[in-house]
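Undergrad: Input structure: query_26.csv, which contains CSV, C-alpha atoms.
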chain,number,residue,atom,x,y,z
A,1,MET,CA,-30.5,182.0,254.5
A,2,PRO,CA,-27.4,180.3,253.1
A,3,LEU,CA,-24.2,182.2,253.2
A,4,PRO,CA,-22.7,183.4,249.9
A,5,LYS,CA,-19.6,181.5,248.8
A,6,LEU,CA,-16.4,183.7,249.0
A,7,ARG,CA,-13.8,183.5,246.3
A,8,ILE,CA,-10.6,185.4,247.1
A,9,TYR,CA,-7.8,186.0,244.6
A,10,ASN,CA,-4.5,187.8,244.9
A,11,ARG,CA,-3.6,189.5,241.6
A,12,GLN,CA,-0.7,191.6,243.0
A,13,LYS,CA,2.8,190.4,243.6
A,14,ALA,CA,4.4,193.1,245.8
A,15,HIS,CA,2.9,192.1,249.2
A,16,ALA,CA,2.5,188.8,251.0
A,17,ILE,CA,-1.2,188.3,251.7
A,18,PRO,CA,-2.2,185.3,253.9
A,19,LEU,CA,-5.1,184.1,251.8
A,20,PRO,CA,-6.1,181.0,253.9
A,21,TRP,CA,-6.4,183.3,257.0
A,22,LEU,CA,-8.3,186.0,255.0
A,23,ARG,CA,-10.7,183.3,253.7
A,24,ARG,CA,-11.4,182.3,257.3
A,25,ILE,CA,-11.9,185.9,258.3
A,26,GLY,CA,-14.3,186.5,255.4
A,27,LYS,CA,-16.4,183.4,256.2
A,28,ALA,CA,-16.5,184.3,259.9
A,29,ALA,CA,-17.5,187.9,259.1
A,30,LEU,CA,-20.4,187.0,256.7
A,31,PRO,CA,-23.0,186.3,259.4
A,32,GLY,CA,-22.1,189.5,261.2
A,33,CYS,CA,-22.5,191.5,258.0
A,34,LEU,CA,-25.8,189.8,257.2
A,35,LYS,CA,-27.0,190.9,260.7
A,36,GLU,CA,-26.1,194.4,259.7
A,37,LEU,CA,-28.2,194.5,256.6
A,38,LYS,CA,-29.6,198.0,256.1
A,39,SER,CA,-32.5,196.7,254.1
A,40,PRO,CA,-33.8,193.3,252.9
A,41,GLU,CA,-33.1,194.5,249.3
A,42,ALA,CA,-29.3,194.9,250.0
A,43,PRO,CA,-27.2,192.9,247.6
A,44,LEU,CA,-25.7,190.7,250.4
A,45,ALA,CA,-29.1,189.3,251.1
A,46,THR,CA,-29.4,187.6,247.8
A,47,LEU,CA,-25.9,187.0,246.5
A,48,GLU,CA,-24.8,183.4,246.0
A,49,GLU,CA,-21.1,184.2,245.5
A,50,ILE,CA,-18.8,187.1,246.3
A,51,GLU,CA,-15.5,187.5,244.5
A,52,ILE,CA,-12.8,189.5,246.3
A,53,THR,CA,-9.6,190.4,244.4
A,54,ILE,CA,-6.6,191.9,245.9
A,55,VAL,CA,-4.8,194.2,243.4
A,56,ASP,CA,-2.2,197.0,243.4
A,57,ASP,CA,-2.8,200.7,243.3
A,58,ALA,CA,-2.4,200.9,239.5
A,59,ASP,CA,-5.1,198.4,238.9
A,60,ILE,CA,-7.6,199.8,241.4
A,61,ALA,CA,-6.9,203.4,240.1
A,62,ARG,CA,-7.8,202.2,236.6
A,63,VAL,CA,-11.1,200.7,237.8
A,64,HIS,CA,-11.7,203.8,239.9
A,65,ALA,CA,-11.3,206.0,236.8
A,66,ASP,CA,-13.4,203.7,234.6
A,67,PHE,CA,-16.4,203.4,236.9
A,68,LEU,CA,-16.2,206.4,239.2
A,69,ASP,CA,-14.4,209.0,237.1
A,70,ASP,CA,-11.7,209.3,239.7
A,71,PRO,CA,-8.2,208.2,238.5
A,72,THR,CA,-6.7,208.0,241.9
A,73,PRO,CA,-6.1,204.8,243.9
A,74,THR,CA,-8.5,203.9,246.7
A,75,ASP,CA,-8.7,201.2,249.3
A,76,VAL,CA,-11.9,199.3,248.3
A,77,ILE,CA,-14.3,199.3,245.4
A,78,THR,CA,-17.5,197.3,245.8
A,79,PHE,CA,-19.8,196.3,243.0
A,80,HIS,CA,-23.4,195.3,243.9
A,81,HIS,CA,-23.1,192.2,241.7
A,82,GLY,CA,-20.8,190.8,244.3
A,83,GLU,CA,-17.3,191.9,243.3
A,84,ILE,CA,-14.9,193.6,245.8
A,85,LEU,CA,-11.5,195.0,244.8
A,86,ILE,CA,-9.0,195.7,247.5
A,87,SER,CA,-5.7,197.6,247.0
A,88,ALA,CA,-2.8,196.0,248.9
A,89,ASP,CA,-0.7,199.0,248.3
A,90,THR,CA,-3.2,201.3,249.9
A,91,ALA,CA,-3.7,198.8,252.7
A,92,LEU,CA,0.0,198.9,253.5
A,93,ARG,CA,0.1,202.7,253.4
A,94,GLN,CA,-3.0,203.2,255.5
A,95,GLY,CA,-2.2,200.3,257.8
A,96,THR,CA,1.3,201.9,258.5
A,97,GLU,CA,-0.4,205.2,259.3
A,98,HIS,CA,-2.7,203.5,261.8
A,99,SER,CA,-0.1,201.1,263.2
A,100,GLN,CA,-2.0,198.1,261.8
A,101,PRO,CA,-0.3,195.1,260.0
A,102,LEU,CA,-1.1,194.6,256.3
A,103,ASP,CA,-3.1,191.5,256.8
A,104,ARG,CA,-5.4,193.1,259.4
A,105,GLU,CA,-5.9,196.2,257.1
A,106,VAL,CA,-6.8,194.0,254.2
A,107,ALA,CA,-9.3,192.1,256.4
A,108,LEU,CA,-10.8,195.4,257.4
A,109,TYR,CA,-11.2,196.3,253.7
A,110,LEU,CA,-12.8,192.9,253.1
A,111,VAL,CA,-15.4,193.6,255.8
A,112,HIS,CA,-15.8,197.1,254.5
A,113,GLY,CA,-16.7,195.8,251.1
A,114,LEU,CA,-19.2,193.3,252.7
A,115,MET,CA,-20.8,196.1,254.6
A,116,HIS,CA,-21.3,198.0,251.3
A,117,LEU,CA,-23.0,194.9,250.0
A,118,ALA,CA,-25.1,194.9,253.2
A,119,GLY,CA,-26.4,198.4,252.1
A,120,TRP,CA,-24.1,200.7,254.0
A,121,ASP,CA,-22.6,203.8,252.5
A,122,ASP,CA,-19.8,206.0,253.7
A,123,HIS,CA,-20.4,209.2,251.7
A,124,GLU,CA,-22.1,211.0,254.6
A,125,PRO,CA,-20.0,211.5,257.8
A,126,GLU,CA,-22.7,210.2,260.2
A,127,GLU,CA,-23.3,207.0,258.3
A,128,ALA,CA,-19.6,206.6,257.6
A,129,GLN,CA,-19.0,206.8,261.4
A,130,GLU,CA,-21.7,204.3,262.2
A,131,MET,CA,-20.5,202.0,259.4
A,132,ALA,CA,-17.0,202.1,260.7
A,133,GLN,CA,-18.1,201.2,264.2
A,134,ARG,CA,-20.2,198.3,263.0
A,135,GLN,CA,-17.6,197.0,260.6
A,136,GLU,CA,-14.9,197.1,263.4
A,137,ALA,CA,-17.2,195.0,265.6
A,138,VAL,CA,-17.8,192.5,262.8
A,139,LEU,CA,-14.1,192.3,262.2
A,140,GLN,CA,-13.2,191.8,265.8
A,141,GLY,CA,-15.8,189.0,266.1
A,142,ALA,CA,-14.4,187.4,263.0
A,143,ILE,CA,-10.8,187.6,264.3
A,144,GLN,CA,-11.8,186.1,267.6
A,145,ALA,CA,-13.7,183.3,265.8
A,146,CYS,CA,-10.6,182.4,263.9
Could the structure of this file be written out as structure tokens, please?

TA:
Amino acid sequence: MPLPKLRIYNRQKAHAIPLPWLRRIGKAALPGCLKELKSPEAPLATLEEIEITIVDDADIARVHADFLDDPTPTDVITFHHGEILISADTALRQGTEHSQPLDREVALYLVHGLMHLAGWDDHEPEEAQEMAQRQEAVLQGAIQAC
């Protein structure tokens, strides 16, 4: 199965995001996420391209309100057609709370979005915990590969 092409864009200006490194992490994480497919019908199994856009809290809050009826900022929004939005503002805040640098937190969110495309959901506590463990393993493998 060919890997989807990743396109990563930075649409926010407040935080320095190392896009070349993030692209390498994303490419390295894709095979691990594909191994974690929850079902053969998961979107990741058939997507040819995935677009990842890094935005600020205001932009992600607008999308969150428009599509999920929640006007608050969030970390990641994933659309099954292959679009992932990541809030750099939220990544900085949550990364600081967990003693993680911004670039690693953004990379975690990228993998989190890919895991959603692999069919994982984090609404139920048990699945959220399992998803978190699997995505951390995928991220660690990707970081080591880079």

Undergrad: For Arg7 in chain A, find every residue with an atom within 7 Å (counting all atoms listed in the file), except residues of its own chain fewer than 2 positions away, and show them as a short mmCIF file (atom, residue, chain, number, x, y, z; two decimals) with C-alpha atoms, in the frame of the given file.

TA:
data_model
loop_
_atom_site.label_atom_id
_atom_site.label_comp_id
_atom_site.auth_asym_id
_atom_site.auth_seq_id
_atom_site.Cartn_x
_atom_site.Cartn_y
_atom_site.Cartn_z
CA LYS A 5 -19.60 181.50 248.80
CA TYR A 9 -7.80 186.00 244.60
CA ILE A 50 -18.80 187.10 246.30
CA GLU A 51 -15.50 187.50 244.50
CA ILE A 52 -12.80 189.50 246.30
#

Undergrad: What are the nearest atom pairs, with distances in Å to one decimal, for all residues of range 35-57 of chain A that come at most 9 Å from range 105-122 of chain A, using only C-alpha atoms, set out by chain and rising residue number as a tab-separated table?

TA:
residue	atom	partner	partner_atom	distance
A:Lys35	CA	A:Ala118	CA	8.7
A:Glu36	CA	A:Ala118	CA	6.6
A:Leu37	CA	A:Ala118	CA	4.6
A:Lys38	CA	A:Gly119	CA	5.1
A:Ser39	CA	A:Gly119	CA	6.6
A:Pro40	CA	A:Ala118	CA	8.9
A:Glu41	CA	A:Gly119	CA	8.2
A:Ala42	CA	A:Gly119	CA	5.0
A:Pro43	CA	A:Leu117	CA	5.2
A:Leu44	CA	A:Leu117	CA	5.0
A:Ala45	CA	A:Ala118	CA	7.2
A:Ile50	CA	A:Leu114	CA	8.9
A:Ile52	CA	A:Leu110	CA	7.6
A:Ile54	CA	A:Val106	CA	8.6

Undergrad: So that I have them on file, write out the residues from the current selection with C-alpha atoms, as a PDB file, in the coordinates of the input.

TA:
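And here is the file that came out, out.pdb:
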ATOM      1  CA  LYS A  35     -27.000 190.900 260.700  1.00  0.00           C
ATOM      2  CA  GLU A  36     -26.100 194.400 259.700  1.00  0.00           C
ATOM      3  CA  LEU A  37     -28.200 194.500 256.600  1.00  0.00           C
ATOM      4  CA  LYS A  38     -29.600 198.000 256.100  1.00  0.00           C
ATOM      5  CA  SER A  39     -32.500 196.700 254.100  1.00  0.00           C
ATOM      6  CA  PRO A  40     -33.800 193.300 252.900  1.00  0.00           C
ATOM      7  CA  GLU A  41     -33.100 194.500 249.300  1.00  0.00           C
ATOM      8  CA  ALA A  42     -29.300 194.900 250.000  1.00  0.00           C
ATOM      9  CA  PRO A  43     -27.200 192.900 247.600  1.00  0.00           C
ATOM     10  CA  LEU A  44     -25.700 190.700 250.400  1.00  0.00           C
ATOM     11  CA  ALA A  45     -29.100 189.300 251.100  1.00  0.00           C
ATOM     12  CA  ILE A  50     -18.800 187.100 246.300  1.00  0.00           C
ATOM     13  CA  ILE A  52     -12.800 189.500 246.300  1.00  0.00           C
ATOM     14  CA  ILE A  54      -6.600 191.900 245.900  1.00  0.00           C
TER      15      ILE A  54
END

Undergrad: So how many Å separate CA of Ala14 in chain A and CA of Cys33 in chain A, to one decimal?

TA: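 So the answer is 29.6 Å.
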
Undergrad: Considering all atoms listed in the file, can you say which of A:Arg24, A:His123, A:His98, A:His81 comes closest to Gln144 in chain A?

TA: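 Closest to Gln144 in chain A of all the choices is A:Arg24.
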
Undergrad: Suppose you want the space between CA of Thr46 in chain A and CA of Ala29 in chain A; what is it in Å?

TA: 16.4 Å

Undergrad: As an mmCIF file with C-alpha atoms, in the frame of the given file, please: the residues near Pro101 in chain A (cut-off 12 Å, only C-alpha atoms, same-chain neighbours under 4 positions excluded).

TA:
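Wrote it out as result09.cif, contents follow:
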data_model
loop_
_atom_site.group_PDB
_atom_site.id
_atom_site.type_symbol
_atom_site.label_atom_id
_atom_site.label_comp_id
_atom_site.auth_asym_id
_atom_site.auth_seq_id
_atom_site.Cartn_x
_atom_site.Cartn_y
_atom_site.Cartn_z
ATOM 1 C CA HIS A 15 2.900 192.100 249.200
ATOM 2 C CA ALA A 16 2.500 188.800 251.000
ATOM 3 C CA ILE A 17 -1.200 188.300 251.700
ATOM 4 C CA PRO A 18 -2.200 185.300 253.900
ATOM 5 C CA ALA A 88 -2.800 196.000 248.900
ATOM 6 C CA ALA A 91 -3.700 198.800 252.700
ATOM 7 C CA LEU A 92 0.000 198.900 253.500
ATOM 8 C CA ARG A 93 0.100 202.700 253.400
ATOM 9 C CA GLN A 94 -3.000 203.200 255.500
ATOM 10 C CA GLY A 95 -2.200 200.300 257.800
ATOM 11 C CA THR A 96 1.300 201.900 258.500
ATOM 12 C CA GLU A 97 -0.400 205.200 259.300
ATOM 13 C CA GLU A 105 -5.900 196.200 257.100
ATOM 14 C CA VAL A 106 -6.800 194.000 254.200
ATOM 15 C CA ALA A 107 -9.300 192.100 256.400
ATOM 16 C CA LEU A 108 -10.800 195.400 257.400
#

Undergrad: So, with only C-alpha atoms as the atoms that count, which of A:Gly141, A:Pro20, A:Pro71, A:Pro125 lies closest to Ile8 in chain A?

TA: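 The shortest atom-to-atom distance to Ile8 in chain A comes from A:Pro20.
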
Undergrad: Quick one: everything within 6 Å of range 59-61 of chain A, counting only C-alpha atoms, minus sequence neighbours fewer than 2 positions away in the same chain. Send it as a list in words.

TA: Asp56, Asp57, Val63, His64, Pro71, Thr72 and Pro73 of chain A

Undergrad: Mind pulling up the distance from CA of Ala142 in chain A to CA of Ile25 in chain A?

TA: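 Answer for the CA of Ile25 in chain A to CA of Ala142 in chain A separation: 5.5 Å.
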
Undergrad: Return the single residue from A:Thr53, A:Gln12, A:Gln129, A:Gln135 that is closest to Ile77 in chain A, with distances computed using all atoms listed in the file.

TA: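 Looking only at the distances to Ile77 in chain A, the closest residue turns out to be A:Thr53.
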
Undergrad: Set up a box along x, y and z of the file covering all listed atoms of range 80-88 of chain A, add 8 Å on every one of the six sides, and write the centre and edge lengths in Å to one decimal, as lines of an AutoDock Vina configuration file.

TA:
center_x = -13.1
center_y = 194.2
center_z = 245.3
size_x = 36.6
size_y = 22.8
size_z = 23.2

Undergrad: Considering all atoms listed in the file, can you say which of A:Leu139, A:Cys146, A:Val76, A:Leu85 comes closest to Leu30 in chain A?

TA: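 For Leu30 in chain A, the nearest of the given residues is A:Leu139.
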
Undergrad: Between A:Asp66, A:Ile84, A:Leu6, A:Ala132, which residue has the minimum interatomic distance to Ala28 in chain A, considering only C-alpha atoms?

TA: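 Going through A:Asp66, A:Ile84, A:Leu6, A:Ala132 one by one, the smallest distance to Ala28 in chain A is for A:Leu6.
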